[in-house]
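Chemist: This is work01.pdb, which holds PDB, C-alpha atoms and all ligand atoms:
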```pdb
ATOM      1  CA  MET A   1      -2.021   0.421  30.095
ATOM      2  CA  LYS A   2      -3.257  -0.168  26.624
ATOM      3  CA  GLY A   3      -1.345   1.332  23.724
ATOM      4  CA  ILE A   4      -0.411   0.909  20.098
ATOM      5  CA  ILE A   5       3.082   0.288  18.732
ATOM      6  CA  ILE A   6       3.944   3.208  16.461
ATOM      7  CA  ALA A   7       7.617   2.481  15.794
ATOM      8  CA  ALA A   8      10.151  -0.279  16.247
ATOM      9  CA  THR A   9      13.923  -0.542  16.024
ATOM     10  CA  GLY A  10      15.536  -3.813  16.946
ATOM     11  CA  ASN A  11      14.136  -4.814  20.289
ATOM     12  CA  LYS A  12      12.978  -1.300  21.210
ATOM     13  CA  TYR A  13       9.438  -0.165  20.631
ATOM     14  CA  VAL A  14       7.621   3.112  20.818
ATOM     15  CA  VAL A  15       4.122   2.758  22.178
ATOM     16  CA  TYR A  16       1.501   5.486  21.932
ATOM     17  CA  SER A  17      -1.218   5.843  24.520
ATOM     18  CA  LYS A  18      -3.579   8.781  24.994
ATOM     19  CA  GLY A  19      -1.321  11.337  23.362
ATOM     20  CA  ILE A  20       1.879  10.188  25.074
ATOM     21  CA  THR A  21       4.677   8.039  23.648
ATOM     22  CA  TYR A  22       6.691   5.539  25.687
ATOM     23  CA  ASN A  23       9.909   3.661  24.912
ATOM     24  CA  VAL A  24       9.395   0.072  25.927
ATOM     25  CA  PHE A  25      10.809  -3.442  25.584
ATOM     26  CA  PRO A  26       8.909  -6.688  25.238
ATOM     27  CA  LYS A  27       9.095  -8.693  28.450
ATOM     28  CA  GLY A  28      10.472 -12.242  28.674
ATOM     29  CA  ILE A  29       7.818 -14.356  27.046
ATOM     30  CA  LEU A  30       7.125 -11.850  24.281
ATOM     31  CA  LYS A  31      10.806 -11.306  23.650
ATOM     32  CA  TYR A  32      11.636 -14.601  22.059
ATOM     33  CA  LYS A  33       8.811 -14.117  19.624
ATOM     34  CA  ASN A  34       9.381 -10.379  19.288
ATOM     35  CA  LYS A  35       9.577 -10.704  15.542
ATOM     36  CA  ASN A  36       5.853 -10.984  15.876
ATOM     37  CA  LEU A  37       5.399  -7.491  17.218
ATOM     38  CA  TYR A  38       4.466  -5.186  14.362
ATOM     39  CA  VAL A  39       3.921  -1.473  14.142
ATOM     40  CA  GLY A  40       0.164  -1.141  14.569
ATOM     41  CA  ASP A  41      -0.095  -3.883  17.175
ATOM     42  CA  GLU A  42      -2.223  -3.138  20.200
ATOM     43  CA  VAL A  43      -0.433  -4.043  23.404
ATOM     44  CA  GLU A  44      -0.718  -3.916  27.152
ATOM     45  CA  PHE A  45       2.328  -2.203  28.631
ATOM     46  CA  ASN A  46       3.616  -1.178  32.023
ATOM     47  CA  ASP A  47       4.922   2.368  32.389
ATOM     48  CA  ASP A  48       6.849   1.505  35.592
ATOM     49  CA  THR A  49       8.847  -1.387  34.191
ATOM     50  CA  PHE A  50       8.741  -0.110  30.591
ATOM     51  CA  THR A  51       7.723  -3.498  29.330
ATOM     52  CA  ILE A  52       5.225  -4.716  26.799
ATOM     53  CA  ASP A  53       3.382  -7.463  28.651
ATOM     54  CA  VAL A  54       0.589  -8.554  26.328
ATOM     55  CA  GLN A  55       0.082  -8.458  22.606
ATOM     56  CA  TYR A  56      -3.563  -8.369  21.547
ATOM     57  CA  ASP A  57      -4.987 -10.241  18.585
ATOM     58  CA  ARG A  58      -4.706  -8.493  15.242
ATOM     59  CA  ARG A  59      -7.530  -7.538  12.939
ATOM     60  CA  ASN A  60      -5.159  -7.881   9.996
ATOM     61  CA  GLU A  61      -1.522  -7.604   9.038
ATOM     62  CA  LEU A  62       0.736  -6.802   6.106
ATOM     63  CA  ILE A  63       4.167  -8.274   5.562
ATOM     64  CA  ARG A  64       5.284  -5.444   3.279
ATOM     65  CA  PRO A  65       5.294  -2.853   4.679
ATOM     66  CA  ARG A  66       5.285  -4.730   7.957
ATOM     67  CA  SER A  67       2.290  -3.436   9.881
ATOM     68  CA  ALA A  68      -0.883  -4.518  11.653
ATOM     69  CA  ASN A  69      -4.470  -3.394  12.257
ATOM     70  CA  ILE A  70      -4.667  -1.283   9.140
ATOM     71  CA  ASP A  71      -7.895   0.383   8.061
ATOM     72  CA  GLN A  72      -6.794   1.479   4.610
ATOM     73  CA  VAL A  73      -3.770   1.369   2.342
ATOM     74  CA  PHE A  74      -2.902   4.303   0.105
ATOM     75  CA  VAL A  75      -0.929   3.040  -2.846
ATOM     76  CA  VAL A  76       1.278   5.990  -3.776
ATOM     77  CA  MET A  77       2.583   6.326  -7.335
ATOM     78  CA  SER A  78       4.354   9.271  -8.896
ATOM     79  CA  VAL A  79       3.341  10.172 -12.433
ATOM     80  CA  LEU A  80       7.015  10.857 -13.172
ATOM     81  CA  GLU A  81      10.361  10.369 -11.405
ATOM     82  CA  PRO A  82       9.937   7.441 -11.069
ATOM     83  CA  GLU A  83       7.672   7.007 -14.064
ATOM     84  CA  LEU A  84       4.209   5.685 -13.452
ATOM     85  CA  SER A  85       4.055   1.921 -13.805
ATOM     86  CA  PRO A  86       0.493   0.630 -14.253
ATOM     87  CA  GLU A  87       1.900  -2.861 -13.841
ATOM     88  CA  LEU A  88       3.347  -2.138 -10.423
ATOM     89  CA  LEU A  89       0.157  -0.307  -9.490
ATOM     90  CA  TYR A  90      -2.044  -3.298 -10.339
ATOM     91  CA  LYS A  91       0.382  -5.552  -8.535
ATOM     92  CA  PHE A  92       0.214  -3.449  -5.371
ATOM     93  CA  LEU A  93      -3.578  -3.394  -5.597
ATOM     94  CA  THR A  94      -3.669  -7.172  -6.004
ATOM     95  CA  TYR A  95      -1.432  -7.504  -2.968
ATOM     96  CA  VAL A  96      -3.681  -5.289  -0.868
ATOM     97  CA  ASN A  97      -6.750  -7.295  -1.966
ATOM     98  CA  MET A  98      -4.973 -10.536  -1.080
ATOM     99  CA  ASN A  99      -4.603  -9.236   2.426
ATOM    100  CA  GLY A 100      -8.276  -8.328   2.657
ATOM    101  CA  LEU A 101      -7.570  -4.613   2.962
ATOM    102  CA  VAL A 102      -9.084  -1.529   1.353
ATOM    103  CA  ALA A 103      -6.871   0.197  -1.214
ATOM    104  CA  LYS A 104      -6.981   3.780  -2.398
ATOM    105  CA  VAL A 105      -4.595   5.311  -4.919
ATOM    106  CA  VAL A 106      -2.625   8.551  -4.821
ATOM    107  CA  PHE A 107      -0.867   9.832  -7.922
ATOM    108  CA  THR A 108       1.837  12.298  -6.885
ATOM    109  CA  LYS A 109       4.019  14.903  -8.641
ATOM    110  CA  ILE A 110       1.320  15.865 -11.131
ATOM    111  CA  ASP A 111       3.117  19.210 -11.507
ATOM    112  CA  LEU A 112       5.770  17.365 -13.541
ATOM    113  CA  LEU A 113       3.407  16.435 -16.361
ATOM    114  CA  LYS A 114       2.228  18.701 -19.153
ATOM    115  CA  SER A 115      -0.731  16.536 -19.942
ATOM    116  CA  LEU A 116      -2.684  14.500 -17.426
ATOM    117  CA  ASP A 117      -4.690  12.634 -20.091
ATOM    118  CA  GLN A 118      -3.049   9.275 -19.466
ATOM    119  CA  VAL A 119      -3.248   9.638 -15.701
ATOM    120  CA  ASN A 120      -6.900  10.616 -15.891
ATOM    121  CA  GLU A 121      -7.622   7.628 -18.075
ATOM    122  CA  LEU A 122      -6.087   5.314 -15.500
ATOM    123  CA  LYS A 123      -7.952   7.172 -12.763
ATOM    124  CA  GLU A 124     -11.269   6.551 -14.515
ATOM    125  CA  GLU A 125     -10.425   2.897 -14.952
ATOM    126  CA  LEU A 126      -9.737   2.504 -11.259
ATOM    127  CA  GLU A 127     -12.789   4.471 -10.225
ATOM    128  CA  LYS A 128     -14.935   2.145 -12.314
ATOM    129  CA  LEU A 129     -13.621  -0.644 -10.089
ATOM    130  CA  GLY A 130     -14.673   1.296  -7.019
ATOM    131  CA  ILE A 131     -11.150   2.413  -6.120
ATOM    132  CA  GLU A 132     -10.818   6.010  -4.959
ATOM    133  CA  VAL A 133      -8.073   7.994  -6.674
ATOM    134  CA  PHE A 134      -6.386  11.242  -5.654
ATOM    135  CA  LEU A 135      -4.091  13.449  -7.731
ATOM    136  CA  VAL A 136      -1.654  15.530  -5.725
ATOM    137  CA  SER A 137       1.368  17.758  -5.992
ATOM    138  CA  LYS A 138       3.470  19.226  -3.252
ATOM    139  CA  LYS A 139       3.608  22.390  -5.328
ATOM    140  CA  ASP A 140      -0.140  22.798  -4.921
ATOM    141  CA  PRO A 141      -1.452  22.664  -1.325
ATOM    142  CA  GLU A 142      -5.033  22.718  -2.669
ATOM    143  CA  SER A 143      -4.481  19.318  -4.247
ATOM    144  CA  VAL A 144      -4.246  17.494  -0.913
ATOM    145  CA  LYS A 145      -7.382  19.086   0.519
ATOM    146  CA  LYS A 146      -9.760  16.311  -0.469
ATOM    147  CA  LEU A 147      -7.272  13.628   0.542
ATOM    148  CA  LYS A 148      -6.941  15.137   4.024
ATOM    149  CA  GLU A 149     -10.537  14.241   4.772
ATOM    150  CA  GLU A 150      -9.814  10.527   4.485
ATOM    151  CA  PHE A 151      -7.827   9.939   7.648
ATOM    152  CA  LYS A 152     -10.025  10.684  10.651
ATOM    153  CA  ASP A 153      -9.929   7.922  13.289
ATOM    154  CA  LYS A 154      -8.294   5.493  10.874
ATOM    155  CA  ILE A 155      -4.937   3.785  10.568
ATOM    156  CA  SER A 156      -3.757   4.615   7.060
ATOM    157  CA  ILE A 157      -0.635   3.179   5.487
ATOM    158  CA  PHE A 158       1.184   4.790   2.558
ATOM    159  CA  MET A 159       2.745   2.183   0.344
ATOM    160  CA  GLY A 160       4.869   2.615  -2.754
ATOM    161  CA  GLN A 161       8.310   2.766  -4.279
ATOM    162  CA  THR A 162      11.082   4.845  -2.800
ATOM    163  CA  GLY A 163      11.041   8.390  -4.138
ATOM    164  CA  VAL A 164       7.393   8.608  -5.154
ATOM    165  CA  GLY A 165       6.774  11.244  -2.494
ATOM    166  CA  LYS A 166       5.189   9.432   0.447
ATOM    167  CA  SER A 167       7.064  11.406   3.076
ATOM    168  CA  SER A 168       6.564  14.656   1.161
ATOM    169  CA  LEU A 169       2.856  13.964   1.070
ATOM    170  CA  ILE A 170       2.748  13.387   4.821
ATOM    171  CA  ASN A 171       4.504  16.724   5.327
ATOM    172  CA  GLU A 172       1.951  18.302   3.043
ATOM    173  CA  ILE A 173      -0.856  16.871   5.160
ATOM    174  CA  ASP A 174       0.783  18.266   8.282
ATOM    175  CA  PRO A 175       4.142  20.092   8.058
ATOM    176  CA  ALA A 176       4.692  19.490  11.783
ATOM    177  CA  PHE A 177       5.628  15.885  11.002
ATOM    178  CA  GLU A 178       8.877  17.087   9.414
ATOM    179  CA  ARG A 179       9.489  13.809   7.627
ATOM    180  CA  LYS A 180      12.874  13.525   5.942
ATOM    181  CA  ILE A 181      12.706  13.724   2.166
ATOM    182  CA  GLY A 182      14.988  11.785  -0.159
ATOM    183  CA  ASP A 183      16.269  13.196  -3.405
ATOM    184  CA  TYR A 184      15.251  11.547  -6.595
ATOM    185  CA  SER A 185      18.326  10.597  -8.554
ATOM    186  CA  LEU A 186      17.899  10.777 -12.314
ATOM    187  CA  THR A 187      21.067   8.779 -12.880
ATOM    188  CA  LEU A 188      20.060   6.000 -10.512
ATOM    189  CA  GLY A 189      16.480   6.196 -11.696
ATOM    190  CA  ARG A 190      15.213   5.901  -8.167
ATOM    191  CA  GLY A 191      14.767   7.805  -4.946
ATOM    192  CA  LYS A 192      17.204   7.758  -2.063
ATOM    193  CA  HIS A 193      15.998   5.869   0.973
ATOM    194  CA  GLN A 194      15.236   8.354   3.698
ATOM    195  CA  THR A 195      12.429   6.515   5.381
ATOM    196  CA  LYS A 196      14.031   3.428   6.876
ATOM    197  CA  GLU A 197      11.305   2.061   9.126
ATOM    198  CA  VAL A 198       7.547   1.957   9.265
ATOM    199  CA  ILE A 199       6.250   4.652  11.567
ATOM    200  CA  LEU A 200       2.727   5.605  12.586
ATOM    201  CA  LEU A 201       2.178   9.316  13.030
ATOM    202  CA  PRO A 202      -0.798  10.335  15.176
ATOM    203  CA  TYR A 203      -3.259  12.327  13.095
ATOM    204  CA  GLU A 204      -6.884  13.269  13.778
ATOM    205  CA  GLY A 205      -7.641  10.375  16.081
ATOM    206  CA  GLY A 206      -5.954   7.923  13.739
ATOM    207  CA  PHE A 207      -2.471   7.393  12.327
ATOM    208  CA  LEU A 208      -0.632   8.041   9.085
ATOM    209  CA  GLY A 209       1.859   5.305   8.300
ATOM    210  CA  ASP A 210       5.038   6.425   6.571
ATOM    211  CA  THR A 211       6.905   3.441   5.199
ATOM    212  CA  PRO A 212      10.153   2.599   3.406
ATOM    213  CA  GLY A 213       9.672   1.969  -0.284
ATOM    214  CA  PHE A 214      10.027  -1.269  -2.136
ATOM    215  CA  SER A 215       9.831  -1.820  -5.842
ATOM    216  CA  SER A 216       9.708  -5.553  -6.203
ATOM    217  CA  LEU A 217       6.960  -7.538  -4.638
ATOM    218  CA  ASP A 218       6.405 -11.256  -4.645
ATOM    219  CA  LEU A 219       2.673 -11.924  -4.683
ATOM    220  CA  GLY A 220       3.151 -15.473  -3.478
ATOM    221  CA  VAL A 221      -0.074 -16.799  -5.000
ATOM    222  CA  TYR A 222      -0.760 -19.510  -7.550
ATOM    223  CA  LYS A 223      -1.974 -18.808 -11.065
ATOM    224  CA  GLU A 224      -5.325 -20.320 -10.126
ATOM    225  CA  ASP A 225      -5.874 -17.691  -7.422
ATOM    226  CA  LEU A 226      -4.766 -14.534  -9.197
ATOM    227  CA  ALA A 227      -8.166 -13.553 -10.652
ATOM    228  CA  GLN A 228      -9.759 -13.711  -7.242
ATOM    229  CA  PHE A 229      -7.550 -10.836  -6.100
ATOM    230  CA  PHE A 230      -6.874  -8.955  -9.318
ATOM    231  CA  PRO A 231      -8.665  -5.563  -9.305
ATOM    232  CA  GLY A 232     -12.125  -5.921 -10.835
ATOM    233  CA  TYR A 233     -12.017  -9.642 -11.558
ATOM    234  CA  ASN A 234     -13.546 -10.825  -8.320
ATOM    235  CA  ALA A 235     -17.081 -10.060  -9.500
ATOM    236  CA  TYR A 236     -16.820 -12.250 -12.611
ATOM    237  CA  TYR A 237     -14.221 -14.967 -12.299
ATOM    238  CA  THR A 238     -16.638 -17.543 -10.901
ATOM    239  CA  GLU A 239     -18.908 -17.180 -13.947
ATOM    240  CA  CYS A 240     -16.525 -18.733 -16.447
ATOM    241  CA  PHE A 241     -17.448 -22.016 -18.139
ATOM    242  CA  TYR A 242     -14.453 -23.838 -16.687
ATOM    243  CA  SER A 243     -14.150 -23.694 -12.926
ATOM    244  CA  ASN A 244     -10.353 -23.696 -13.256
ATOM    245  CA  CYS A 245     -10.367 -21.021 -15.989
ATOM    246  CA  LEU A 246      -7.209 -18.903 -16.006
ATOM    247  CA  HIS A 247      -8.881 -16.434 -18.379
ATOM    248  CA  GLN A 248      -6.364 -16.866 -21.151
ATOM    249  CA  ASN A 249      -7.821 -18.688 -24.159
ATOM    250  CA  GLU A 250     -10.480 -20.851 -22.551
ATOM    251  CA  LYS A 251     -13.917 -20.888 -24.122
ATOM    252  CA  ASN A 252     -16.848 -19.001 -22.599
ATOM    253  CA  CYS A 253     -14.609 -16.986 -20.316
ATOM    254  CA  MET A 254     -16.528 -14.255 -18.495
ATOM    255  CA  ILE A 255     -13.422 -12.148 -17.888
ATOM    256  CA  LYS A 256     -12.614 -12.091 -21.598
ATOM    257  CA  ALA A 257     -16.243 -11.285 -22.396
ATOM    258  CA  LYS A 258     -16.085  -8.293 -20.041
ATOM    259  CA  ILE A 259     -12.891  -7.114 -21.679
ATOM    260  CA  GLU A 260     -14.415  -7.389 -25.134
ATOM    261  CA  SER A 261     -17.469  -5.430 -23.998
ATOM    262  CA  GLY A 262     -15.193  -2.793 -22.484
ATOM    263  CA  GLU A 263     -16.440  -3.249 -18.929
ATOM    264  CA  LEU A 264     -12.966  -4.356 -17.871
ATOM    265  CA  SER A 265      -9.922  -2.541 -19.212
ATOM    266  CA  SER A 266      -7.642  -4.114 -21.766
ATOM    267  CA  LEU A 267      -4.601  -2.511 -20.137
ATOM    268  CA  GLY A 268      -5.564  -4.259 -16.906
ATOM    269  CA  TYR A 269      -5.938  -7.523 -18.792
ATOM    270  CA  LYS A 270      -2.477  -7.210 -20.324
ATOM    271  CA  ILE A 271      -1.076  -6.768 -16.840
ATOM    272  CA  TYR A 272      -3.126  -9.692 -15.567
ATOM    273  CA  LEU A 273      -1.582 -11.933 -18.226
ATOM    274  CA  LYS A 274       1.889 -10.691 -17.388
ATOM    275  CA  LEU A 275       1.468 -11.347 -13.683
ATOM    276  CA  LEU A 276      -0.117 -14.712 -14.435
ATOM    277  CA  ASN A 277       2.953 -15.633 -16.421
ATOM    278  CA  GLU A 278       5.212 -15.028 -13.405
ATOM    279  CA  LEU A 279       3.222 -17.260 -11.047
ATOM    280  CA  PRO A 280       3.436 -21.013 -10.476
ATOM    281  CA  TYR A 281       0.560 -23.474 -10.924
ATOM    282  CA  ARG A 282      -0.996 -24.932  -7.823
ATOM    283  CA  LYS A 283      -1.391 -28.250  -9.594
ATOM    284  CA  GLU A 284       0.746 -29.798 -12.248
ATOM    285  CA  ARG A 285      -1.568 -29.954 -15.237
ATOM    286  CA  TYR A 286      -2.026 -32.962 -17.455
ATOM    287  CA  LYS A 287      -0.484 -32.216 -20.757
TER     288      LYS A 287
HETATM  289  N1  LIG B 301       7.985  17.956  -8.464
HETATM  290  C1  LIG B 301       7.587  17.288  -7.387
HETATM  291  N2  LIG B 301       8.490  16.620  -6.647
HETATM  292  C2  LIG B 301       8.069  15.937  -5.560
HETATM  293  C3  LIG B 301       6.694  15.900  -5.187
HETATM  294  N3  LIG B 301       6.583  15.123  -4.079
HETATM  295  C4  LIG B 301       7.826  14.715  -3.777
HETATM  296  N4  LIG B 301       8.733  15.194  -4.647
HETATM  297  C5  LIG B 301      10.179  14.932  -4.639
HETATM  298  O1  LIG B 301      10.415  13.528  -4.764
HETATM  299  C6  LIG B 301      11.573  13.155  -4.020
HETATM  300  C7  LIG B 301      11.267  12.005  -3.110
HETATM  301  O2  LIG B 301      10.339  12.404  -2.104
HETATM  302  P1  LIG B 301      10.073  11.593  -0.758
HETATM  303  O3  LIG B 301       8.923  12.258  -0.081
HETATM  304  O4  LIG B 301      11.312  11.412   0.028
HETATM  305  O5  LIG B 301       9.615  10.163  -1.344
HETATM  306  P2  LIG B 301       9.385   8.789  -0.535
HETATM  307  O6  LIG B 301      10.632   7.989  -0.699
HETATM  308  O7  LIG B 301       8.217   8.124  -1.217
HETATM  309  O8  LIG B 301       9.087   9.135   0.876
HETATM  310  C8  LIG B 301      12.036  14.427  -3.295
HETATM  311  O9  LIG B 301      13.084  15.021  -4.070
HETATM  312  C9  LIG B 301      10.814  15.315  -3.315
HETATM  313  O10 LIG B 301      11.122  16.688  -3.278
HETATM  314  C10 LIG B 301       5.755  16.631  -6.003
HETATM  315  O11 LIG B 301       4.542  16.668  -5.771
HETATM  316  N5  LIG B 301       6.253  17.307  -7.074
HETATM  317 MG    MG B 302      10.010   8.461   2.617
HETATM  318 ZN    ZN B 303     -12.251 -17.143 -17.493
END
```
Please lay out the structure from this file as structure tokens.
Modeler:
Amino acid sequence: MKGIIIAATGNKYVVYSKGITYNVFPKGILKYKNKNLYVGDEVEFNDDTFTIDVQYDRRNELIRPRSANIDQVFVVMSVLEPELSPELLYKFLTYVNMNGLVAKVVFTKIDLLKSLDQVNELKEELEKLGIEVFLVSKKDPESVKKLKEEFKDKISIFMGQTGVGKSSLINEIDPAFERKIGDYSLTLGRGKHQTKEVILLPYEGGFLGDTPGFSSLDLGVYKEDLAQFFPGYNAYYTECFYSNCLHQNEKNCMIKAKIESGELSSLGYKIYLKLLNELPYRKERYK
């Protein structure tokens, strides 16, 4: 039978097929490379022997959160507790781009802010780049209405720090999921881990992926490649005078021109420079 892995713990997998879930183990040959079985993988399994016999080729994969065959990634960020970090947001978006996936953004806990001016400004910036943005609060069921239309027949992954409200949001979408919620600790300045593993929850012909949070992320790219994946820069970075332009102080830089004209945001550019600073060169430059 054909199914999709929706959860994994150690060497045990949960496979979903036509509305039914099965607990299965990878058989011999797959076992020694079982690290390669991800949540989201399509597999052939046997419901007599409870084994996964074949792993099908992936359309795509993510290392963090570890998952495969994803249609869209929702980058989830709270506006407070933990405080919204545009830097982390841009970093997550860069990471999703690097993996060739579609990113959408959800700002959560908007009930905690008196003024949404700053959030709306960021929202506009992202929308200009063609990124869809949703503002939600678990205190306001109406706020998730528009978001709920996004999931039909798709595998959607929620990605973001611990405590931003990913599991709460999934409960808001469908309370029957009964996802465990972690408290946000003001003293620790972070949420408690309640979601320990990636899990796909069947929803409207597709799946919602609840994932554990992570706050640090290593992009693993060279300086030379950052602009290619940085939100909004892909359309312009090849038009610079120097083919190896890093968009810092080089002359006739198209990225800088777009920032000066206001087509690209200066906040984004600040973050670009910061990320650039953390990355290694591909080539040692002549000094
Ligand atoms: N005020 C407020 N708190 C929220 C909202 N969403 C989640 N929380 C709280 O944030 C904390 C972390 O939520 P959780 O869903 O476990 O976050 P996760 O780690 O991203 O899955 C919990 O205390 C939730 O009650 C929201 O919209 N408004
Ligand atoms: Mg969670
Ligand atoms: Zn440039």
Chemist: I would like the residues chosen by the PyMOL selection byres (((not hetatm)) within 7 of (chain B and resi 301)) on the shown file; could you give them as an mmCIF file with C-alpha atoms, in the frame of the given file?
Modeler:
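This is the output file selection_22.cif:
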```cif
data_model
loop_
_atom_site.group_PDB
_atom_site.id
_atom_site.type_symbol
_atom_site.label_atom_id
_atom_site.label_comp_id
_atom_site.auth_asym_id
_atom_site.auth_seq_id
_atom_site.Cartn_x
_atom_site.Cartn_y
_atom_site.Cartn_z
ATOM 1 C CA THR A 108 1.837 12.298 -6.885
ATOM 2 C CA LYS A 109 4.019 14.903 -8.641
ATOM 3 C CA ILE A 110 1.320 15.865 -11.131
ATOM 4 C CA ASP A 111 3.117 19.210 -11.507
ATOM 5 C CA LEU A 112 5.770 17.365 -13.541
ATOM 6 C CA VAL A 136 -1.654 15.530 -5.725
ATOM 7 C CA SER A 137 1.368 17.758 -5.992
ATOM 8 C CA LYS A 138 3.470 19.226 -3.252
ATOM 9 C CA LYS A 139 3.608 22.390 -5.328
ATOM 10 C CA GLY A 160 4.869 2.615 -2.754
ATOM 11 C CA GLN A 161 8.310 2.766 -4.279
ATOM 12 C CA THR A 162 11.082 4.845 -2.800
ATOM 13 C CA GLY A 163 11.041 8.390 -4.138
ATOM 14 C CA VAL A 164 7.393 8.608 -5.154
ATOM 15 C CA GLY A 165 6.774 11.244 -2.494
ATOM 16 C CA LYS A 166 5.189 9.432 0.447
ATOM 17 C CA SER A 167 7.064 11.406 3.076
ATOM 18 C CA SER A 168 6.564 14.656 1.161
ATOM 19 C CA LEU A 169 2.856 13.964 1.070
ATOM 20 C CA LYS A 180 12.874 13.525 5.942
ATOM 21 C CA ILE A 181 12.706 13.724 2.166
ATOM 22 C CA GLY A 182 14.988 11.785 -0.159
ATOM 23 C CA ASP A 183 16.269 13.196 -3.405
ATOM 24 C CA TYR A 184 15.251 11.547 -6.595
ATOM 25 C CA GLY A 191 14.767 7.805 -4.946
ATOM 26 C CA LYS A 192 17.204 7.758 -2.063
ATOM 27 C CA HIS A 193 15.998 5.869 0.973
ATOM 28 C CA GLN A 194 15.236 8.354 3.698
ATOM 29 C CA THR A 195 12.429 6.515 5.381
ATOM 30 C CA PRO A 212 10.153 2.599 3.406
ATOM 31 C CA GLY A 213 9.672 1.969 -0.284
#
```
Chemist: Using the file's own x, y and z axes, so that the box edges lie along x, y and z, what centre and edge lengths in Å (one decimal) does a box around every listed atom of region 20-28 of chain A get when 5 Å is added on each side? Give it as AutoDock Vina command-line options.
Modeler:
```
--center_x 6.3 --center_y -1.0 --center_z 26.2 --size_x 18.9 --size_y 32.4 --size_z 15.0
```
Chemist: Could the residues that lie within 7 Å of ligand ZN 303 (chain B), counting all atoms listed in the file, be listed as a PyMOL selection string?
Modeler: chain A and resi 237+240+245-248+250+253-256
Chemist: Which value, in Å to one decimal, gives the distance between CA of Tyr90 (chain A) and CA of Tyr272 (chain A)?
Modeler: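 Distance between the two atoms: 8.3 Å.
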Chemist: So what does the PyMOL selection byres (((chain A and resi 16-27) around 6) and not hetatm) actually pick up in this one, as a list in words?
Modeler: Gly3, Ile4, Lys12, Tyr13, Val14, Val15, Gly28, Ile29, Leu30, Lys31, Phe50, Thr51, Ile52 and Asp53 of chain A
Chemist: Any chance you can output those residues with C-alpha atoms as an mmCIF file, in the frame of the given file?
Modeler:
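Contents of the output file result_27.cif:
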```cif
data_model
loop_
_atom_site.group_PDB
_atom_site.id
_atom_site.type_symbol
_atom_site.label_atom_id
_atom_site.label_comp_id
_atom_site.auth_asym_id
_atom_site.auth_seq_id
_atom_site.Cartn_x
_atom_site.Cartn_y
_atom_site.Cartn_z
ATOM 1 C CA GLY A 3 -1.345 1.332 23.724
ATOM 2 C CA ILE A 4 -0.411 0.909 20.098
ATOM 3 C CA LYS A 12 12.978 -1.300 21.210
ATOM 4 C CA TYR A 13 9.438 -0.165 20.631
ATOM 5 C CA VAL A 14 7.621 3.112 20.818
ATOM 6 C CA VAL A 15 4.122 2.758 22.178
ATOM 7 C CA GLY A 28 10.472 -12.242 28.674
ATOM 8 C CA ILE A 29 7.818 -14.356 27.046
ATOM 9 C CA LEU A 30 7.125 -11.850 24.281
ATOM 10 C CA LYS A 31 10.806 -11.306 23.650
ATOM 11 C CA PHE A 50 8.741 -0.110 30.591
ATOM 12 C CA THR A 51 7.723 -3.498 29.330
ATOM 13 C CA ILE A 52 5.225 -4.716 26.799
ATOM 14 C CA ASP A 53 3.382 -7.463 28.651
#
```
Chemist: Go through A:Thr94, A:Ser78, A:Ser261, A:Thr211 and flag the residue nearest ligand MG 302 (chain B), using all atoms listed in the file for the distances.
Modeler: A:Thr211
Chemist: Taking the file as shown, what set of residues would the PyMOL selection byres (((chain A and resi 231) around 12) and not hetatm) give back, as a compact mmCIF listing (two decimals) with C-alpha atoms, in the frame of the given file?
Modeler:
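Okay, this is what ended up in out.txt:
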```
# COMPACT_ATOMS: atom_id res chain seq x y z
CA GLU A 87 1.90 -2.86 -13.84
CA LEU A 89 0.16 -0.31 -9.49
CA TYR A 90 -2.04 -3.30 -10.34
CA LYS A 91 0.38 -5.55 -8.54
CA PHE A 92 0.21 -3.45 -5.37
CA LEU A 93 -3.58 -3.39 -5.60
CA THR A 94 -3.67 -7.17 -6.00
CA TYR A 95 -1.43 -7.50 -2.97
CA VAL A 96 -3.68 -5.29 -0.87
CA ASN A 97 -6.75 -7.30 -1.97
CA MET A 98 -4.97 -10.54 -1.08
CA VAL A 102 -9.08 -1.53 1.35
CA ALA A 103 -6.87 0.20 -1.21
CA LYS A 104 -6.98 3.78 -2.40
CA GLU A 125 -10.42 2.90 -14.95
CA LEU A 126 -9.74 2.50 -11.26
CA GLU A 127 -12.79 4.47 -10.22
CA LYS A 128 -14.94 2.14 -12.31
CA LEU A 129 -13.62 -0.64 -10.09
CA GLY A 130 -14.67 1.30 -7.02
CA ILE A 131 -11.15 2.41 -6.12
CA LEU A 226 -4.77 -14.53 -9.20
CA ALA A 227 -8.17 -13.55 -10.65
CA GLN A 228 -9.76 -13.71 -7.24
CA PHE A 229 -7.55 -10.84 -6.10
CA PHE A 230 -6.87 -8.96 -9.32
CA GLY A 232 -12.12 -5.92 -10.84
CA TYR A 233 -12.02 -9.64 -11.56
CA ASN A 234 -13.55 -10.82 -8.32
CA ALA A 235 -17.08 -10.06 -9.50
CA TYR A 236 -16.82 -12.25 -12.61
CA TYR A 237 -14.22 -14.97 -12.30
CA ILE A 255 -13.42 -12.15 -17.89
CA LEU A 264 -12.97 -4.36 -17.87
CA SER A 265 -9.92 -2.54 -19.21
CA LEU A 267 -4.60 -2.51 -20.14
CA GLY A 268 -5.56 -4.26 -16.91
CA TYR A 269 -5.94 -7.52 -18.79
CA ILE A 271 -1.08 -6.77 -16.84
CA TYR A 272 -3.13 -9.69 -15.57
```
Chemist: Which residue out of A:Asn60, A:Asn171, A:Ser115, A:Gln72 has the minimum interatomic distance to ligand MG 302 (chain B) when all atoms listed in the file are used?
Modeler: A:Asn171
Chemist: For CA of Ser85 (chain A) and CA of Gly262 (chain A), quote the distance in Å rounded to one decimal.
Modeler: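 So the answer is 21.6 Å.
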Chemist: Please, what distance in Å, to one decimal, runs between CA of Phe207 (chain A) and CA of Leu135 (chain A)?
Modeler: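 Straight-line distance from CA of Phe207 (chain A) to CA of Leu135 (chain A) works out to 21.0 Å.
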